[in-house]
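Here's the structure we're looking at; comments come further down.
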Amino acid sequence: MRGDPSVLHVDLDAFFAAVEQRDKPSLRGKPVVVGGIGVRGVVSTASYEARKYGVRSAMSTAEARSRCPHAAYLSPRFEAYRQSSQAVMAEMRALSPLVEPLSLDEAFIDLAASGLSGLTVDDVEAIAQDLKDAIRKVSGGLTASVGAGTSKLIAKIASELDKPDGVVVVPAGTEAEFLAPMQVTVIPGVGPATAQRLSMAGVRTVADLQQLDEDELIRQVGSAHGTSLHRLAVAADDRPVVSDRETKSVSVEDTFETDIIDRALLAAISDRMAHRVSERLQKAQLSGRTVTVKTRMHDFTTHTRSSTLAGPTDDARVIARVARRLLEESEIGGGIRLLGVGVSSLADWIQDDLFTDDEHAENPVEVLELPARPRDQLGFHPGQDVAHPDYGQGWVWGSGRGRVTVRFETADTPPGPVRTFAIDDPALTKVRITGADADGEPETDHNVSNE
């Protein structure tokens with residue numbers, strides 16, 4: 001174990017929603033929900049103002065609207081999020097050559113890789129504050145919460161304790177004491193089922209868990225799980241920070257705050273993930289033959305199902321359709337806490353005729369929220385960037401019945417005026433954000449696998 005708190009976990013606060021509030025002055029300080037806006041949409045991110053009303057990620061948009069009807073409900077702008085993420089990740093890599101991105105909005109940093117040693121709590125707090133200031137500057141005002149400790153486990157937990165915009169450093173040698181008063185569910189691998197079994201044995205806090213010997217834990221939760229919990233309860237975590245390696249697969253996954261048993265909702269989330277994977281493949285000019293669906297159950301057991309196509313594809317319709325079939329074949333039992341969709345067996349070419357037009361017609365995939373090619377989408381959706389020769393740049397406030405309403409403002413202007421146009425008005429054009437490359441992607445949610 002390390003002798004100083006040289007592992008940082010940096011987590012951008014309510015990232016998608018914060019970018020929207022940054023770029024839309026009229027939404028600052030107000031509830032903002034980013035995700036699918038239709039009747040079967042799913043929340044990707046909610047601002048802290050919306051979270052006060054119980055809105056959270058992976059919640060259906062319908063439920064979010066019932067809890068917070070006055071929030072602004074916006075479709076995602078992935079190019080904007082990706083661009084901000086790249087600027088933030090560059091600041092992290094300027095601090096250390098060893099950065100492990102977990103998603104667009106969070107990463108581990110190993111300060112020891114910069115040659116720093118013997119770091120005190122004050123040293124790390126100063127480093128973290130400098131990094132937060134740099135992030136705020138390069139991102140146009142976004143905030144981050146930072147946790148630091150002697151391991152990934154401690155850094156990750158610490159970053160959650162003072163959100164938003166906080167810094168928590170756990171001194172070396174105090175890890176077990178730090179964890180002791182927390183609920184046992186703070187330990188990775190302790191889901192509802194495991195927590196219930198432990199509760200029946202009188203274990204509700206990490207302190208209770210620390211009192212059990214390894215043999216007792218194994219009797220309660222099984223050999224593999226018991227050994228892992230015994231180590232993590234006393235913060236015995238020596239996992240290294242691992243930087244990017246050659247991409248062997250592209251995947252999107254999300255861990256839900258509550259287990260999901262609604263198959264329709266899971267199908268909607270799966271469709272969105274398939275489209276995210278497709279967009280990443282297209283931007284990287286890659287395609288893949290194997291589609292995989294990953295499910296982690298309420299008891300933390302993890303299952304994967306895969307299907308290999310005749311040739312590589314980056315088509316969102318194909319990926320979504322295969323993912324749906326794999327998900328339908330999966331047992332959801334008492335609920336799913338994590339869902340992922342990925343494509344592997346990558347190639348730099350695409351076979352366009354994997355399925356004929358007739359097969360598409362006979363077995364259509366219902367596209368939920370995100371079209372196969374978001375950048376070519378017809379019409380307008382809330383949050384979209386637009387421009388008008390007389391009013392300048394703005395964003396779509398709403399559309400329907402042949403009209404589109406726009407608020408004209410940018411990140412650098414005060415809240416602007418609202419105007420309504422015919423949806424086919426040639427003077428109103430869409431603005432595409434440029435400057436992002438193929439790296440980075442989802443919600444809270446993508447993973448690039450190198451294993």
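Going through the structure tokens in order, the chains are called A, B, and so on, while each chain numbers its residues from 1 and the ligands are numbered from 1 in the order shown.
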
Tell me which protein, DNA and RNA residues are within 12 Å of stretch 188-193 of chain A, counting only C-alpha atoms, leaving out same-chain ones fewer than 4 positions away, and put them as number ranges by chain.
-> A: 152-154, 156-157, 183-184, 197-200, 203-206, 209, 220-221, 224-233, 235, 237, 255-259, 296-302, 333-338

A:Ser287 surroundings by only C-alpha atoms, 10 Å radius, close-in-sequence under 4 positions cut, as a PyMOL selection string = chain A and resi 249-250+278+280-282+311-315+343-351

Saved selection, atoms kept: C-alpha atoms, as an mmCIF file, in the first residue's frame:
data_model
loop_
_atom_site.group_PDB
_atom_site.id
_atom_site.type_symbol
_atom_site.label_atom_id
_atom_site.label_comp_id
_atom_site.auth_asym_id
_atom_site.auth_seq_id
_atom_site.Cartn_x
_atom_site.Cartn_y
_atom_site.Cartn_z
ATOM 1 C CA SER A 249 -13.689 -2.627 -28.087
ATOM 2 C CA VAL A 250 -16.079 0.282 -27.759
ATOM 3 C CA SER A 278 -22.461 3.571 -33.221
ATOM 4 C CA ARG A 280 -18.193 6.483 -31.462
ATOM 5 C CA LEU A 281 -17.427 3.850 -34.067
ATOM 6 C CA GLN A 282 -18.282 6.242 -36.882
ATOM 7 C CA GLY A 311 -19.139 -8.828 -41.171
ATOM 8 C CA PRO A 312 -18.247 -5.627 -39.322
ATOM 9 C CA THR A 313 -20.755 -2.799 -38.948
ATOM 10 C CA ASP A 314 -21.142 0.643 -37.390
ATOM 11 C CA ASP A 315 -24.870 0.824 -38.163
ATOM 12 C CA VAL A 343 -18.949 -3.828 -30.005
ATOM 13 C CA SER A 344 -15.657 -5.710 -30.402
ATOM 14 C CA SER A 345 -13.690 -7.570 -33.090
ATOM 15 C CA LEU A 346 -12.963 -4.136 -34.534
ATOM 16 C CA ALA A 347 -11.944 -3.360 -38.096
ATOM 17 C CA ASP A 348 -11.328 -0.221 -40.099
ATOM 18 C CA TRP A 349 -13.845 -1.158 -42.788
ATOM 19 C CA ILE A 350 -17.617 -1.623 -42.925
ATOM 20 C CA GLN A 351 -19.811 -4.198 -44.622
#

Tell me, as a VMD selection string, which residues lie within 12 Å of A:Gly398, counting only C-alpha atoms; anything in the same chain fewer than 5 positions away does not count.
-> chain A and resid 37 72 to 75 379 to 385 403 to 407 418 to 421 423

Have a look at A:Ala387, A:Val10, A:Leu217, A:Leu98 and name the one nearest to A:Thr429; count only C-alpha atoms.
->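 Result for the nearest residue to A:Thr429: A:Ala387.
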
Can you list every residue in stretch 220-356 of chain A that DSSP puts in strand (DSSP E), as a ChimeraX atom specification?
-> /A:249-260,287-297,302-313,336-347

If you count only C-alpha atoms, which residues fall within 12 Å of A:Lys132, apart from same-chain ones fewer than 3 positions away, as a PDB file with N, CA and C atoms, in the first residue's frame?
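Printed below is part.pdb as written:
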ATOM      1  N   LEU A   8      -5.728  10.341  -7.087  1.00  0.00           N
ATOM      2  CA  LEU A   8      -6.862  11.263  -7.148  1.00  0.00           C
ATOM      3  C   LEU A   8      -7.995  10.657  -7.971  1.00  0.00           C
ATOM      4  N   HIS A   9      -9.220  10.928  -7.559  1.00  0.00           N
ATOM      5  CA  HIS A   9     -10.383  10.645  -8.401  1.00  0.00           C
ATOM      6  C   HIS A   9     -11.079  11.976  -8.647  1.00  0.00           C
ATOM      7  N   VAL A  10     -11.155  12.362  -9.921  1.00  0.00           N
ATOM      8  CA  VAL A  10     -11.758  13.642 -10.309  1.00  0.00           C
ATOM      9  C   VAL A  10     -13.086  13.367 -10.980  1.00  0.00           C
ATOM     10  N   ASP A  11     -14.134  14.011 -10.503  1.00  0.00           N
ATOM     11  CA  ASP A  11     -15.486  13.786 -11.017  1.00  0.00           C
ATOM     12  C   ASP A  11     -16.130  15.138 -11.312  1.00  0.00           C
ATOM     13  N   LEU A  12     -16.384  15.417 -12.584  1.00  0.00           N
ATOM     14  CA  LEU A  12     -17.045  16.670 -12.954  1.00  0.00           C
ATOM     15  C   LEU A  12     -18.483  16.644 -12.456  1.00  0.00           C
ATOM     16  N   ASP A  13     -18.929  17.718 -11.866  1.00  0.00           N
ATOM     17  CA  ASP A  13     -20.228  17.763 -11.193  1.00  0.00           C
ATOM     18  C   ASP A  13     -21.372  17.912 -12.198  1.00  0.00           C
ATOM     19  N   VAL A  88     -10.583  19.157 -20.276  1.00  0.00           N
ATOM     20  CA  VAL A  88     -10.357  18.801 -18.873  1.00  0.00           C
ATOM     21  C   VAL A  88      -9.320  17.683 -18.763  1.00  0.00           C
ATOM     22  N   MET A  89      -9.444  16.663 -19.603  1.00  0.00           N
ATOM     23  CA  MET A  89      -8.489  15.556 -19.560  1.00  0.00           C
ATOM     24  C   MET A  89      -7.072  16.038 -19.882  1.00  0.00           C
ATOM     25  N   GLU A  91      -5.794  18.877 -19.003  1.00  0.00           N
ATOM     26  CA  GLU A  91      -5.278  19.452 -17.759  1.00  0.00           C
ATOM     27  C   GLU A  91      -4.832  18.352 -16.797  1.00  0.00           C
ATOM     28  N   MET A  92      -5.575  17.257 -16.753  1.00  0.00           N
ATOM     29  CA  MET A  92      -5.184  16.147 -15.893  1.00  0.00           C
ATOM     30  C   MET A  92      -3.860  15.553 -16.356  1.00  0.00           C
ATOM     31  N   LEU A  95      -0.845  17.349 -15.378  1.00  0.00           N
ATOM     32  CA  LEU A  95      -0.473  17.133 -13.983  1.00  0.00           C
ATOM     33  C   LEU A  95       0.283  15.818 -13.807  1.00  0.00           C
ATOM     34  N   GLU A 125      -4.133  18.633  -1.079  1.00  0.00           N
ATOM     35  CA  GLU A 125      -5.245  19.594  -1.150  1.00  0.00           C
ATOM     36  C   GLU A 125      -4.884  20.762  -2.061  1.00  0.00           C
ATOM     37  N   ALA A 126      -3.644  21.237  -1.961  1.00  0.00           N
ATOM     38  CA  ALA A 126      -3.211  22.344  -2.816  1.00  0.00           C
ATOM     39  C   ALA A 126      -3.172  21.922  -4.280  1.00  0.00           C
ATOM     40  N   ILE A 127      -2.679  20.699  -4.544  1.00  0.00           N
ATOM     41  CA  ILE A 127      -2.634  20.191  -5.917  1.00  0.00           C
ATOM     42  C   ILE A 127      -4.049  20.051  -6.474  1.00  0.00           C
ATOM     43  N   ALA A 128      -4.938  19.505  -5.658  1.00  0.00           N
ATOM     44  CA  ALA A 128      -6.322  19.316  -6.105  1.00  0.00           C
ATOM     45  C   ALA A 128      -7.001  20.656  -6.383  1.00  0.00           C
ATOM     46  N   GLN A 129      -6.760  21.634  -5.529  1.00  0.00           N
ATOM     47  CA  GLN A 129      -7.378  22.944  -5.737  1.00  0.00           C
ATOM     48  C   GLN A 129      -6.839  23.613  -7.002  1.00  0.00           C
ATOM     49  N   ILE A 135      -9.325  23.378 -14.316  1.00  0.00           N
ATOM     50  CA  ILE A 135     -10.498  22.817 -14.977  1.00  0.00           C
ATOM     51  C   ILE A 135     -11.554  23.885 -15.191  1.00  0.00           C
ATOM     52  N   ARG A 136     -11.780  24.682 -14.168  1.00  0.00           N
ATOM     53  CA  ARG A 136     -12.778  25.753 -14.275  1.00  0.00           C
ATOM     54  C   ARG A 136     -12.404  26.724 -15.386  1.00  0.00           C
ATOM     55  N   LYS A 137     -11.124  27.011 -15.511  1.00  0.00           N
ATOM     56  CA  LYS A 137     -10.671  27.984 -16.510  1.00  0.00           C
ATOM     57  C   LYS A 137     -10.807  27.438 -17.926  1.00  0.00           C
ATOM     58  N   VAL A 138     -10.336  26.214 -18.165  1.00  0.00           N
ATOM     59  CA  VAL A 138     -10.346  25.688 -19.532  1.00  0.00           C
ATOM     60  C   VAL A 138     -11.737  25.245 -19.979  1.00  0.00           C
ATOM     61  N   SER A 139     -12.625  24.999 -19.033  1.00  0.00           N
ATOM     62  CA  SER A 139     -13.964  24.502 -19.385  1.00  0.00           C
ATOM     63  C   SER A 139     -15.024  25.582 -19.370  1.00  0.00           C
ATOM     64  N   GLY A 140     -14.634  26.792 -19.057  1.00  0.00           N
ATOM     65  CA  GLY A 140     -15.625  27.859 -19.028  1.00  0.00           C
ATOM     66  C   GLY A 140     -16.470  27.896 -17.780  1.00  0.00           C
ATOM     67  N   GLY A 141     -15.935  27.370 -16.678  1.00  0.00           N
ATOM     68  CA  GLY A 141     -16.642  27.490 -15.416  1.00  0.00           C
ATOM     69  C   GLY A 141     -17.161  26.202 -14.814  1.00  0.00           C
ATOM     70  N   LEU A 142     -16.863  25.042 -15.399  1.00  0.00           N
ATOM     71  CA  LEU A 142     -17.331  23.776 -14.830  1.00  0.00           C
ATOM     72  C   LEU A 142     -16.587  23.468 -13.534  1.00  0.00           C
ATOM     73  N   THR A 143     -17.284  22.848 -12.614  1.00  0.00           N
ATOM     74  CA  THR A 143     -16.670  22.474 -11.340  1.00  0.00           C
ATOM     75  C   THR A 143     -16.441  20.969 -11.276  1.00  0.00           C
ATOM     76  N   ALA A 144     -15.519  20.583 -10.413  1.00  0.00           N
ATOM     77  CA  ALA A 144     -15.205  19.172 -10.217  1.00  0.00           C
ATOM     78  C   ALA A 144     -15.051  18.891  -8.738  1.00  0.00           C
ATOM     79  N   SER A 145     -15.392  17.672  -8.353  1.00  0.00           N
ATOM     80  CA  SER A 145     -15.147  17.204  -6.998  1.00  0.00           C
ATOM     81  C   SER A 145     -13.980  16.231  -7.040  1.00  0.00           C
ATOM     82  N   VAL A 146     -13.076  16.354  -6.068  1.00  0.00           N
ATOM     83  CA  VAL A 146     -11.848  15.555  -6.071  1.00  0.00           C
ATOM     84  C   VAL A 146     -11.727  14.795  -4.759  1.00  0.00           C
ATOM     85  N   GLY A 147     -11.457  13.515  -4.883  1.00  0.00           N
ATOM     86  CA  GLY A 147     -11.125  12.699  -3.728  1.00  0.00           C
ATOM     87  C   GLY A 147      -9.709  12.203  -3.867  1.00  0.00           C
ATOM     88  N   PRO A 164     -21.294  19.455  -4.571  1.00  0.00           N
ATOM     89  CA  PRO A 164     -20.362  19.658  -5.684  1.00  0.00           C
ATOM     90  C   PRO A 164     -19.171  20.530  -5.285  1.00  0.00           C
ATOM     91  N   ASP A 165     -18.130  20.481  -6.103  1.00  0.00           N
ATOM     92  CA  ASP A 165     -16.995  21.397  -6.032  1.00  0.00           C
ATOM     93  C   ASP A 165     -16.173  21.239  -4.760  1.00  0.00           C
ATOM     94  N   GLY A 166     -16.067  20.006  -4.262  1.00  0.00           N
ATOM     95  CA  GLY A 166     -15.327  19.800  -3.016  1.00  0.00           C
ATOM     96  C   GLY A 166     -14.013  19.074  -3.207  1.00  0.00           C
ATOM     97  N   VAL A 167     -13.228  19.033  -2.126  1.00  0.00           N
ATOM     98  CA  VAL A 167     -11.981  18.280  -2.079  1.00  0.00           C
ATOM     99  C   VAL A 167     -11.949  17.532  -0.750  1.00  0.00           C
TER     100      VAL A 167
END

Write out as a ChimeraX atom specification which residues come within 9 Å of A:Leu327 when counting only C-alpha atoms, dropping same-chain ones fewer than 3 positions away.
-> /A:263,266-267,270,293-295,305,322-324,330-332

Kindly indicate which residue among A:Ala201, A:Val99, A:Val291, A:Ile187 lies nearest to A:Arg219, using only C-alpha atoms for the distances.
-> A:Ala201

For atom CA of A:Val43 and atom CA of A:Asp254, determine how far apart the two atoms are, in Å to one decimal place.
-> 11.6 Å

Go through A:Pro389, A:Pro69, A:Gly394, A:Gly115 and flag the residue nearest A:Thr413, using only C-alpha atoms for the distances.
->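 With only C-alpha atoms as the atom set, the closest residue is A:Gly394.
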
Wanna dump the stretch 102-137 of chain A-stretch 170-175 of chain A contacts at 10 Å for me, each residue with its shortest atom pair and the distance in Å to one decimal, counting only C-alpha atoms, ordered by chain and number, as a tab-separated table?
residue	atom	partner	partner_atom	distance
A:Leu119	CA	A:Pro171	CA	9.8
A:Thr120	CA	A:Pro171	CA	7.8
A:Val121	CA	A:Pro171	CA	6.2
A:Asp122	CA	A:Pro171	CA	9.9
A:Val124	CA	A:Val170	CA	9.8

File of the preceding selection, C-alpha atoms, as a PDB file, in the first residue's frame:
ATOM      1  CA  LEU A 119       2.955  14.135  -0.149  1.00  0.00           C
ATOM      2  CA  THR A 120       1.165  15.520   2.896  1.00  0.00           C
ATOM      3  CA  VAL A 121      -2.558  16.168   3.105  1.00  0.00           C
ATOM      4  CA  ASP A 122      -1.892  19.879   2.655  1.00  0.00           C
ATOM      5  CA  VAL A 124      -2.523  17.098  -2.051  1.00  0.00           C
TER       6      VAL A 124
END

Closest of A:Ser243, A:Ala176, A:Asp4, A:Phe15 to A:Gln210, counting only C-alpha atoms, is A:Ala176

Near stretch 44-57 of chain A, within 6 Å and counting only C-alpha atoms, which residues show up once chain neighbours fewer than 6 positions away are dropped, as a count of residues only?
-> 9

What is the distance, in Å and to one decimal place, between atom CA of A:Ala94 and atom CA of A:Ala284?
-> 24.3 Å

Write down as a ChimeraX atom specification the residues belonging to stretch 55-131 of chain A that are assigned helix (DSSP H, G or I) by DSSP computed on the backbone.
-> /A:61-67,78-95,111-114,121-131

A straight line from atom CA of A:Ala62 to atom CA of A:Arg276 spans 21.7 Å
